[in-house]
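See structure below.
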Amino acid sequence: MTAHVGIVLISHSRALAEGAAELARQMGVGEVEVRAAGGAEDGGLGTSLDLLETAVSEADQGAGVVVIADLGSSVLTTRTLLEDREEGGTEVVLADAPFVEGAVAAASAAAGGADVAAVTRAASEAWDFRKT
């Protein structure tokens with residue numbers, strides 16, 4: 001089995017992260033590990049470095065992991081994770097992407113065998129999708 005780039009969605013809301021992850025998983029046709037890191041550890045709103053680290057570990061299939069954050073402290077939490085990671089480990093990248101559209105685009109690209117750079121680019125290009 002070919003390793004695919006994993007995707008992690010970090011949000012202040014567990015329900016939002018899990019819902020977006022469910023949608024992205026459908027677009028990844030079961031080939032891509034999409035994990036949610038939503039809410040605080042107590043189940044309330046917030047972000048958690050521990051939940052993010054666990055989600056990244058679970059999403060890692062050996063081809064890298066792309067993280068998509070909703071806003072504010074979820075971005076800061078991801079940056080903290082990136083700063084604390086050891087050299088030589090799995091490549092983990094924070095994508096500058098819209099949360100839902102970026103997750104779907106990333107999962108589609110990853111399912112097609114794209115590498116971390118291409119999955120990140122696909123997520124970021126989702127900014128171009130207009131609804132009107």
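A note on labels: chains of the structure tokens are A, B, ... as shown, every chain counts residues from 1, and ligands are counted from 1 in their shown order.
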If you run DSSP on the backbone here, which positions in chain A get strand (DSSP E or B)? Please write them as JSON, numbers by chain.
{"A": [6, 7, 8, 9, 10, 11, 34, 35, 36, 37, 38, 65, 66, 67, 68, 69, 92, 93, 94, 95]}
Keeping only N, CA and C atoms, write the selected residues as a PDB file, in the first residue's frame.
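Okay, this is what ended up in selection.pdb:
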```
ATOM      1  N   GLY A   6      -0.881  12.682   5.131  1.00  0.00           N
ATOM      2  CA  GLY A   6      -1.963  12.770   6.094  1.00  0.00           C
ATOM      3  C   GLY A   6      -2.417  14.207   6.263  1.00  0.00           C
ATOM      4  N   ILE A   7      -3.621  14.383   6.758  1.00  0.00           N
ATOM      5  CA  ILE A   7      -4.189  15.713   6.946  1.00  0.00           C
ATOM      6  C   ILE A   7      -4.736  15.815   8.361  1.00  0.00           C
ATOM      7  N   VAL A   8      -4.431  16.941   9.011  1.00  0.00           N
ATOM      8  CA  VAL A   8      -4.969  17.219  10.342  1.00  0.00           C
ATOM      9  C   VAL A   8      -5.706  18.545  10.295  1.00  0.00           C
ATOM     10  N   LEU A   9      -6.911  18.557  10.844  1.00  0.00           N
ATOM     11  CA  LEU A   9      -7.720  19.766  10.924  1.00  0.00           C
ATOM     12  C   LEU A   9      -7.797  20.188  12.379  1.00  0.00           C
ATOM     13  N   ILE A  10      -7.260  21.374  12.682  1.00  0.00           N
ATOM     14  CA  ILE A  10      -7.301  21.882  14.051  1.00  0.00           C
ATOM     15  C   ILE A  10      -8.261  23.067  14.112  1.00  0.00           C
ATOM     16  N   SER A  11      -9.205  22.961  15.032  1.00  0.00           N
ATOM     17  CA  SER A  11     -10.230  23.982  15.200  1.00  0.00           C
ATOM     18  C   SER A  11     -10.485  24.201  16.684  1.00  0.00           C
ATOM     19  N   VAL A  34      -7.312  11.396   7.662  1.00  0.00           N
ATOM     20  CA  VAL A  34      -7.721  12.758   8.005  1.00  0.00           C
ATOM     21  C   VAL A  34      -8.125  12.727   9.466  1.00  0.00           C
ATOM     22  N   ARG A  35      -7.444  13.507  10.285  1.00  0.00           N
ATOM     23  CA  ARG A  35      -7.695  13.515  11.729  1.00  0.00           C
ATOM     24  C   ARG A  35      -8.141  14.897  12.183  1.00  0.00           C
ATOM     25  N   ALA A  36      -8.992  14.904  13.184  1.00  0.00           N
ATOM     26  CA  ALA A  36      -9.482  16.144  13.780  1.00  0.00           C
ATOM     27  C   ALA A  36      -8.783  16.382  15.112  1.00  0.00           C
ATOM     28  N   ALA A  37      -8.361  17.616  15.324  1.00  0.00           N
ATOM     29  CA  ALA A  37      -7.803  18.042  16.610  1.00  0.00           C
ATOM     30  C   ALA A  37      -8.620  19.256  17.034  1.00  0.00           C
ATOM     31  N   GLY A  38      -9.817  18.998  17.509  1.00  0.00           N
ATOM     32  CA  GLY A  38     -10.731  20.093  17.796  1.00  0.00           C
ATOM     33  C   GLY A  38     -11.029  20.251  19.262  1.00  0.00           C
ATOM     34  N   VAL A  65       2.602  15.248   6.714  1.00  0.00           N
ATOM     35  CA  VAL A  65       1.296  15.644   7.229  1.00  0.00           C
ATOM     36  C   VAL A  65       1.085  17.127   6.945  1.00  0.00           C
ATOM     37  N   VAL A  66      -0.102  17.466   6.453  1.00  0.00           N
ATOM     38  CA  VAL A  66      -0.495  18.854   6.237  1.00  0.00           C
ATOM     39  C   VAL A  66      -1.539  19.200   7.288  1.00  0.00           C
ATOM     40  N   VAL A  67      -1.306  20.311   7.998  1.00  0.00           N
ATOM     41  CA  VAL A  67      -2.231  20.787   9.024  1.00  0.00           C
ATOM     42  C   VAL A  67      -2.986  21.989   8.477  1.00  0.00           C
ATOM     43  N   ILE A  68      -4.295  21.994   8.667  1.00  0.00           N
ATOM     44  CA  ILE A  68      -5.137  23.117   8.272  1.00  0.00           C
ATOM     45  C   ILE A  68      -5.833  23.607   9.537  1.00  0.00           C
ATOM     46  N   ALA A  69      -5.662  24.893   9.831  1.00  0.00           N
ATOM     47  CA  ALA A  69      -6.174  25.485  11.068  1.00  0.00           C
ATOM     48  C   ALA A  69      -7.332  26.429  10.771  1.00  0.00           C
ATOM     49  N   VAL A  92       5.976  18.029   8.541  1.00  0.00           N
ATOM     50  CA  VAL A  92       4.666  18.541   8.920  1.00  0.00           C
ATOM     51  C   VAL A  92       4.619  19.998   8.490  1.00  0.00           C
ATOM     52  N   VAL A  93       3.555  20.377   7.765  1.00  0.00           N
ATOM     53  CA  VAL A  93       3.436  21.712   7.192  1.00  0.00           C
ATOM     54  C   VAL A  93       2.090  22.305   7.579  1.00  0.00           C
ATOM     55  N   LEU A  94       2.090  23.590   7.921  1.00  0.00           N
ATOM     56  CA  LEU A  94       0.855  24.339   8.143  1.00  0.00           C
ATOM     57  C   LEU A  94       0.462  24.981   6.818  1.00  0.00           C
ATOM     58  N   ALA A  95      -0.709  24.648   6.308  1.00  0.00           N
ATOM     59  CA  ALA A  95      -1.192  25.226   5.053  1.00  0.00           C
ATOM     60  C   ALA A  95      -1.947  26.514   5.339  1.00  0.00           C
TER      61      ALA A  95
END
```
Contacts of Gly89 of chain A at 12 Å or less, counting only C-alpha atoms, minus same-chain residues fewer than 6 places along, as a PDB file with C-alpha atoms, in the first residue's frame?
```pdb
ATOM      1  CA  VAL A  56      -0.450  14.407  13.662  1.00  0.00           C
ATOM      2  CA  SER A  57       0.932  11.083  14.882  1.00  0.00           C
ATOM      3  CA  ASP A  60       1.270  10.150   9.643  1.00  0.00           C
ATOM      4  CA  GLY A  62       5.151   8.180   6.292  1.00  0.00           C
ATOM      5  CA  ALA A  63       4.583  10.696   3.486  1.00  0.00           C
ATOM      6  CA  GLY A  64       4.196  13.833   5.617  1.00  0.00           C
ATOM      7  CA  VAL A  65       1.296  15.644   7.229  1.00  0.00           C
ATOM      8  CA  LEU A  82       6.283  22.947  14.290  1.00  0.00           C
TER       9      LEU A  82
END
```
Per DSSP on the backbone, filter chain A down to the residues in helix (DSSP H, G or I) and report them as a VMD selection string.
chain A and resid 14 to 27 49 to 59 73 to 84 99 to 111 116 to 128
Take the residues from that selection and write them out as a PDB file, in the first residue's frame, keeping C-alpha atoms.
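As written to disk, part_5.pdb reads:
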```pdb
ATOM      1  CA  ARG A  14     -14.394  19.621  18.276  1.00  0.00           C
ATOM      2  CA  ALA A  15     -17.671  19.376  16.325  1.00  0.00           C
ATOM      3  CA  LEU A  16     -16.380  21.678  13.573  1.00  0.00           C
ATOM      4  CA  ALA A  17     -13.088  19.785  13.233  1.00  0.00           C
ATOM      5  CA  GLU A  18     -14.815  16.393  13.197  1.00  0.00           C
ATOM      6  CA  GLY A  19     -17.443  17.519  10.674  1.00  0.00           C
ATOM      7  CA  ALA A  20     -14.858  18.948   8.289  1.00  0.00           C
ATOM      8  CA  ALA A  21     -12.717  15.824   8.724  1.00  0.00           C
ATOM      9  CA  GLU A  22     -15.693  13.600   7.876  1.00  0.00           C
ATOM     10  CA  LEU A  23     -16.298  15.550   4.667  1.00  0.00           C
ATOM     11  CA  ALA A  24     -12.604  15.501   3.735  1.00  0.00           C
ATOM     12  CA  ARG A  25     -12.392  11.742   4.385  1.00  0.00           C
ATOM     13  CA  GLN A  26     -15.157  11.196   1.832  1.00  0.00           C
ATOM     14  CA  MET A  27     -13.137  13.166  -0.720  1.00  0.00           C
ATOM     15  CA  LEU A  49      -1.129  21.012  21.714  1.00  0.00           C
ATOM     16  CA  ASP A  50      -1.513  17.460  23.071  1.00  0.00           C
ATOM     17  CA  LEU A  51      -4.562  16.764  20.894  1.00  0.00           C
ATOM     18  CA  LEU A  52      -2.734  18.211  17.885  1.00  0.00           C
ATOM     19  CA  GLU A  53       0.361  16.069  18.514  1.00  0.00           C
ATOM     20  CA  THR A  54      -1.817  12.954  18.776  1.00  0.00           C
ATOM     21  CA  ALA A  55      -3.697  13.798  15.573  1.00  0.00           C
ATOM     22  CA  VAL A  56      -0.450  14.407  13.662  1.00  0.00           C
ATOM     23  CA  SER A  57       0.932  11.083  14.882  1.00  0.00           C
ATOM     24  CA  GLU A  58      -2.255   9.251  13.849  1.00  0.00           C
ATOM     25  CA  ALA A  59      -2.368  10.937  10.411  1.00  0.00           C
ATOM     26  CA  SER A  73      -4.836  30.196  18.556  1.00  0.00           C
ATOM     27  CA  SER A  74      -5.192  27.096  16.385  1.00  0.00           C
ATOM     28  CA  VAL A  75      -2.579  28.680  14.103  1.00  0.00           C
ATOM     29  CA  LEU A  76      -0.402  29.541  17.118  1.00  0.00           C
ATOM     30  CA  THR A  77      -0.763  26.017  18.521  1.00  0.00           C
ATOM     31  CA  THR A  78       0.309  24.580  15.171  1.00  0.00           C
ATOM     32  CA  ARG A  79       3.295  26.924  14.983  1.00  0.00           C
ATOM     33  CA  THR A  80       4.329  25.786  18.470  1.00  0.00           C
ATOM     34  CA  LEU A  81       4.154  22.159  17.357  1.00  0.00           C
ATOM     35  CA  LEU A  82       6.283  22.947  14.290  1.00  0.00           C
ATOM     36  CA  GLU A  83       8.900  24.797  16.366  1.00  0.00           C
ATOM     37  CA  ASP A  84       9.134  21.949  18.891  1.00  0.00           C
ATOM     38  CA  PHE A  99     -10.744  25.423   6.593  1.00  0.00           C
ATOM     39  CA  VAL A 100     -13.421  23.373   4.824  1.00  0.00           C
ATOM     40  CA  GLU A 101     -12.536  23.985   1.180  1.00  0.00           C
ATOM     41  CA  GLY A 102      -8.837  23.534   1.941  1.00  0.00           C
ATOM     42  CA  ALA A 103      -9.492  20.259   3.743  1.00  0.00           C
ATOM     43  CA  VAL A 104     -11.474  18.875   0.812  1.00  0.00           C
ATOM     44  CA  ALA A 105      -8.878  20.004  -1.746  1.00  0.00           C
ATOM     45  CA  ALA A 106      -6.035  18.588   0.359  1.00  0.00           C
ATOM     46  CA  ALA A 107      -7.748  15.215   0.774  1.00  0.00           C
ATOM     47  CA  SER A 108      -8.453  14.986  -2.954  1.00  0.00           C
ATOM     48  CA  ALA A 109      -4.829  15.793  -3.808  1.00  0.00           C
ATOM     49  CA  ALA A 110      -3.469  13.381  -1.203  1.00  0.00           C
ATOM     50  CA  ALA A 111      -5.724  10.579  -2.472  1.00  0.00           C
ATOM     51  CA  VAL A 116       3.364  17.356   0.860  1.00  0.00           C
ATOM     52  CA  ALA A 117       4.159  20.411  -1.278  1.00  0.00           C
ATOM     53  CA  ALA A 118       1.414  19.613  -3.786  1.00  0.00           C
ATOM     54  CA  VAL A 119      -1.157  18.831  -1.073  1.00  0.00           C
ATOM     55  CA  THR A 120      -0.295  22.113   0.673  1.00  0.00           C
ATOM     56  CA  ARG A 121      -0.593  23.979  -2.630  1.00  0.00           C
ATOM     57  CA  ALA A 122      -3.981  22.373  -3.379  1.00  0.00           C
ATOM     58  CA  ALA A 123      -5.260  23.418   0.043  1.00  0.00           C
ATOM     59  CA  SER A 124      -4.005  26.981  -0.427  1.00  0.00           C
ATOM     60  CA  GLU A 125      -5.455  27.246  -3.923  1.00  0.00           C
ATOM     61  CA  ALA A 126      -8.885  26.630  -2.397  1.00  0.00           C
ATOM     62  CA  TRP A 127      -8.835  30.356  -1.516  1.00  0.00           C
ATOM     63  CA  ASP A 128      -9.602  30.894  -5.219  1.00  0.00           C
TER      64      ASP A 128
END
```
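Between atom CA of Ser13 of chain A and atom CA of Gly113 of chain A lies a distance of 29.5 Å.
Going from atom CA of Gly39 of chain A to atom CA of Asp70 of chain A covers 11.3 Å.
Coordinates place atom CA of Val32 of chain A at a distance of 16.0 Å from atom CA of Glu91 of chain A.
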Which of these, A:Gln61, A:Gly46, A:Gly72, A:Gly112, has the shortest distance to Thr90 of chain A once you count only C-alpha atoms?
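So, comparing all the options, the nearest one is A:Gln61.
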